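Engineer: Attaching a single structure in structure tokens format; questions to follow.
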Amino acid sequence: MIRLNRHASSGLYDRLATGGLGPREARLLFTHARTCTHCRTRLDRVSLALRVFESGRVLEPSAGELRAFENAGLNAALQGSRRSRGTRQAFWWASAAAIASVSAVVTLSFPRELELAARGPPQTSREVVLRIFCAKSSSPLSELKQSAHCGPEEALAFAASSKLAGTHVAIKFSTEGEEWVEGPFRVSGTPGREAPLPLTLALTGRAGALRVLAAFAEKPEELLRAAREEDGRFATLRVQSVRVER
Amino acid sequence: MTLLQGDRQLLDAYRRGEVRALEKVYRTYSADVARYLAKGFALKGDDRMERTCLSSTDLQAVHQETFVRAFRPAVRLTYDGLRPFKAYLLSIARSAAVDVFRSAGKVAREWVSLDDAPNAASLPEDALDPEASALQQEVRRLVSEFLGARPSEEQRLAQLRFVEGQSQDATAEALGLTRGEVRVREKRLKLAFSEFLRRRGWFDQDGEPAKALVGITCILAVGLLPILWDGMGFAPTCDGRAHPIASGLRS
């Protein structure tokens, strides 16, 4: 999930008032407000004023709020439905994580060439590696090369490494109609001995191209700016496309 | 007949977890859940009653958590398609609200008896403490001041749309406008109100969240004030604290 680094702008409140907060903006605003007292207070005060303005009642959400709630929560609700698909899959996820861990220790000794193109400027470039795996319920993990495919009933797992200690990674996923960021995660592996990230992505319900961008940096704010593709000067980026198909 | 009761195919798709079905259910009931949560809850203990009203931020968190829970595979399968789905969903919403209150330490576990603690929708809104009431009055004064300075056409629009709750179509007919014009003017009016709030410093009053009505928690202690409700007396006082109940929720 992308998070705001600064206080929410006035424009977001204007769009809250008019019911114009889109899903991404609504998620950003509410997620940020949960952890930022300033924005939480401001958001709650503005919401209260809008309620009174529209209905005269403080316990009746405004139309803009209702729209924002709807937009903000849908993604999480659908993600939740995909993430916990019963005992069998829960067992599978645990197994996949275990396999990934063991693989990292025992077998993740990949060649050093990068499947993912480096985009960071030379002075900030560092040796970082992200590896993407397709997790199938009846097979070992298989690494996905550039534009390789993984089935819609399967899941992606990830391993990363960095030559520098203290590196973190955030991963941005982009599909045709959606994009979101997961992380940051601490990178504990070293090149050639990639360590699994505590992240899996169920592909249920997805199809087509999935762009995976990994941003590596030391500072979270630099990391998130890079992951959002706003400012990549202080991070090293890796990009790979994965196709979701049978 | 509710959405899922009247459509077997949709019910099956919902229970299978198909995205389109889930999204349809979500969009159909999202506002109902939000309105239900906004009214607050009464949680009954041995000798006292707590009414908790959610701030907008908390409300969104609980709203989201409600659907996350409702869409879990095991929970989807427990819906039999016979009971009214909305009531079923609202019971999940209430449970989610109580859980996050508990996790935030707002409600002691032994206090909660949901069966004996109906939600507080029937409590009057004016059952607020003086501080909360004052804030509410302050907002109303602001609204009144804002509208008083607007042209008469906009005042009429606000009257029809917000005070009387008329639809955009009905408002358009009453004002001799098209629906599109009403929509545009309404949007402008809301933006102007947002700007007005900003100019009046409403956005910038950081202060203590406790000073705001938002996030009010109304403690209804039996016997403190004799308000007869469900055969019991509950007295409202509001500490007004914004409680970080949502901090543990998914984003």
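Lettering and numbering for the structure tokens are positional, with chains as A, B, ... in the shown order, residues counted from 1 in each chain, and ligands counted from 1 in the shown order.
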Could you list, as a PyMOL selection string, the residues of chain B having an atom within 7 Å of chain A when counting only C-alpha atoms?
Structural biologist: chain B and resi 17+19+27+30-31+34-35+38-39+55-57+60+64+67-68+71-74+139-140+143+162-163+187+190-191+194+203+206+209+214+246-247+251
Engineer: With N, CA and C atoms retained, write the just-selected residues as a short mmCIF file (atom, residue, chain, number, x, y, z; two decimals), in the first residue's frame.
Structural biologist:
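Result file is selection-v1.cif:
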data_model
loop_
_atom_site.label_atom_id
_atom_site.label_comp_id
_atom_site.auth_asym_id
_atom_site.auth_seq_id
_atom_site.Cartn_x
_atom_site.Cartn_y
_atom_site.Cartn_z
N GLY B 17 -16.82 -16.76 -4.53
CA GLY B 17 -15.83 -15.69 -4.42
C GLY B 17 -15.47 -15.04 -5.73
N VAL B 19 -15.08 -12.31 -8.39
CA VAL B 19 -14.83 -10.89 -8.13
C VAL B 19 -16.04 -10.03 -8.49
N ARG B 27 -20.80 -2.94 -3.57
CA ARG B 27 -21.34 -1.63 -3.95
C ARG B 27 -22.80 -1.48 -3.56
N SER B 30 -22.51 -1.08 0.55
CA SER B 30 -21.49 -0.23 1.16
C SER B 30 -22.11 0.93 1.95
N ALA B 31 -23.03 1.63 1.34
CA ALA B 31 -23.62 2.80 2.02
C ALA B 31 -24.44 2.37 3.23
N ALA B 34 -22.08 1.78 6.04
CA ALA B 34 -21.52 3.05 6.54
C ALA B 34 -22.55 3.80 7.39
N ARG B 35 -23.76 3.86 6.91
CA ARG B 35 -24.81 4.57 7.68
C ARG B 35 -25.07 3.88 9.01
N ALA B 38 -22.23 4.63 11.33
CA ALA B 38 -22.17 6.05 11.72
C ALA B 38 -23.08 6.37 12.90
N LYS B 39 -24.10 5.57 13.08
CA LYS B 39 -25.04 5.86 14.17
C LYS B 39 -24.47 5.49 15.54
N SER B 55 -15.59 8.13 14.51
CA SER B 55 -15.18 9.25 13.66
C SER B 55 -15.16 8.76 12.22
N SER B 56 -15.01 9.69 11.32
CA SER B 56 -14.99 9.31 9.90
C SER B 56 -13.84 8.35 9.60
N THR B 57 -12.68 8.64 10.16
CA THR B 57 -11.52 7.79 9.91
C THR B 57 -11.74 6.38 10.45
N GLN B 60 -14.39 4.45 8.44
CA GLN B 60 -13.88 3.85 7.20
C GLN B 60 -13.14 2.55 7.50
N GLN B 64 -14.39 -1.04 6.11
CA GLN B 64 -13.52 -1.91 5.30
C GLN B 64 -13.37 -3.28 5.95
N PHE B 67 -16.31 -5.70 5.34
CA PHE B 67 -16.37 -6.41 4.07
C PHE B 67 -15.22 -7.41 3.93
N VAL B 68 -14.09 -7.08 4.51
CA VAL B 68 -12.99 -8.05 4.49
C VAL B 68 -13.44 -9.34 5.17
N PHE B 71 -16.28 -11.22 3.20
CA PHE B 71 -15.86 -11.84 1.95
C PHE B 71 -14.91 -13.01 2.16
N ARG B 72 -14.55 -13.28 3.40
CA ARG B 72 -13.70 -14.46 3.61
C ARG B 72 -14.47 -15.71 3.21
N PRO B 73 -13.76 -16.67 2.62
CA PRO B 73 -14.46 -17.85 2.10
C PRO B 73 -15.37 -18.53 3.12
N ALA B 74 -14.86 -18.75 4.30
CA ALA B 74 -15.66 -19.47 5.29
C ALA B 74 -16.91 -18.67 5.66
N VAL B 139 -20.48 24.10 14.08
CA VAL B 139 -20.55 23.70 12.66
C VAL B 139 -21.83 24.24 12.05
N ARG B 140 -22.91 24.15 12.80
CA ARG B 140 -24.18 24.63 12.24
C ARG B 140 -24.14 26.13 11.99
N VAL B 143 -22.23 26.62 8.79
CA VAL B 143 -23.05 26.28 7.62
C VAL B 143 -24.05 27.40 7.35
N PHE B 162 -30.32 19.29 0.26
CA PHE B 162 -29.76 18.85 1.53
C PHE B 162 -30.78 18.86 2.67
N VAL B 163 -31.53 19.93 2.76
CA VAL B 163 -32.48 20.00 3.87
C VAL B 163 -33.68 19.10 3.62
N LYS B 187 -21.93 20.62 -7.04
CA LYS B 187 -20.50 20.41 -6.86
C LYS B 187 -19.80 21.73 -6.55
N LYS B 190 -20.44 22.73 -2.98
CA LYS B 190 -19.64 21.96 -2.02
C LYS B 190 -18.19 22.43 -2.02
N LEU B 191 -17.69 22.70 -3.20
CA LEU B 191 -16.32 23.22 -3.27
C LEU B 191 -16.21 24.57 -2.57
N SER B 194 -16.13 23.96 1.05
CA SER B 194 -14.81 23.47 1.45
C SER B 194 -13.82 24.63 1.55
N PHE B 203 -9.83 23.87 8.76
CA PHE B 203 -8.88 22.83 8.40
C PHE B 203 -7.67 22.82 9.33
N ASP B 206 -5.66 22.18 14.57
CA ASP B 206 -5.09 20.89 14.98
C ASP B 206 -5.57 20.52 16.36
N PRO B 209 -7.46 16.24 19.42
CA PRO B 209 -8.64 15.61 18.86
C PRO B 209 -9.77 15.54 19.88
N VAL B 214 -15.76 14.77 16.54
CA VAL B 214 -15.38 13.60 15.79
C VAL B 214 -14.76 12.59 16.72
N ALA B 246 -8.17 2.13 14.73
CA ALA B 246 -7.93 1.52 13.44
C ALA B 246 -6.48 1.17 13.20
N SER B 247 -5.64 1.47 14.15
CA SER B 247 -4.22 1.32 13.88
C SER B 247 -3.82 -0.10 13.54
N SER B 251 -4.62 -1.91 5.72
CA SER B 251 -4.82 -0.66 4.99
C SER B 251 -5.38 -0.97 3.62
#
Engineer: Please, what distance in Å, to one decimal, runs between atom CA of Ser162 of chain A and atom CA of Phe234 of chain A?
Structural biologist: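 Pair atom CA of Ser162 of chain A / atom CA of Phe234 of chain A returns 14.9 Å.
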Engineer: Distance atom CA of Gln240 of chain A-atom CA of Pro23 of chain A, one decimal place?
Structural biologist: 25.3 Å
Engineer: Write out as a ChimeraX atom specification the residues lying within 10 Å of Glu178 of chain A, counting only C-alpha atoms and excluding same-chain residues fewer than 3 positions away.
Structural biologist: /A:23-24,75,173-175,210
Engineer: Limited to N, CA, C and O atoms, could you put the picked residues into a file as a compact mmCIF listing (two decimals), in the first residue's frame?
Structural biologist:
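Output (part.txt):
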# COMPACT_ATOMS: atom_id res chain seq x y z
N PRO A 23 -10.54 5.60 -5.97
CA PRO A 23 -10.11 4.51 -5.08
C PRO A 23 -8.72 4.72 -4.50
O PRO A 23 -8.50 4.56 -3.30
N ARG A 24 -7.80 5.10 -5.36
CA ARG A 24 -6.41 5.24 -4.88
C ARG A 24 -6.30 6.39 -3.89
O ARG A 24 -5.68 6.27 -2.83
N ASN A 75 -10.84 -2.58 -2.62
CA ASN A 75 -9.63 -3.33 -2.93
C ASN A 75 -9.25 -4.29 -1.81
O ASN A 75 -8.95 -5.46 -2.03
N PHE A 173 3.16 -3.15 -8.11
CA PHE A 173 2.52 -4.01 -9.09
C PHE A 173 1.59 -3.15 -9.94
O PHE A 173 0.84 -2.32 -9.42
N SER A 174 1.63 -3.36 -11.23
CA SER A 174 0.74 -2.61 -12.12
C SER A 174 0.06 -3.58 -13.07
O SER A 174 0.72 -4.39 -13.73
N THR A 175 -1.26 -3.47 -13.11
CA THR A 175 -2.02 -4.20 -14.11
C THR A 175 -2.75 -3.16 -14.94
O THR A 175 -2.55 -1.96 -14.76
N LEU A 210 1.32 -8.27 -15.97
CA LEU A 210 1.52 -7.71 -14.63
C LEU A 210 2.94 -7.16 -14.59
O LEU A 210 3.91 -7.89 -14.82
Engineer: With a distance cut-off of 12 Å and only C-alpha atoms, select the neighbouring residues of Gly6 of chain B, excluding the residue or stretch itself and same-chain residues fewer than 5 positions from it, and output the selection as number ranges by chain.
Structural biologist: B: 1, 11-12, 81-85
Engineer: If you measure from atom CA of Arg238 of chain A to atom CA of Ala195 of chain A, what distance in Å do you get, rounded to one decimal?
Structural biologist: 16.4 Å
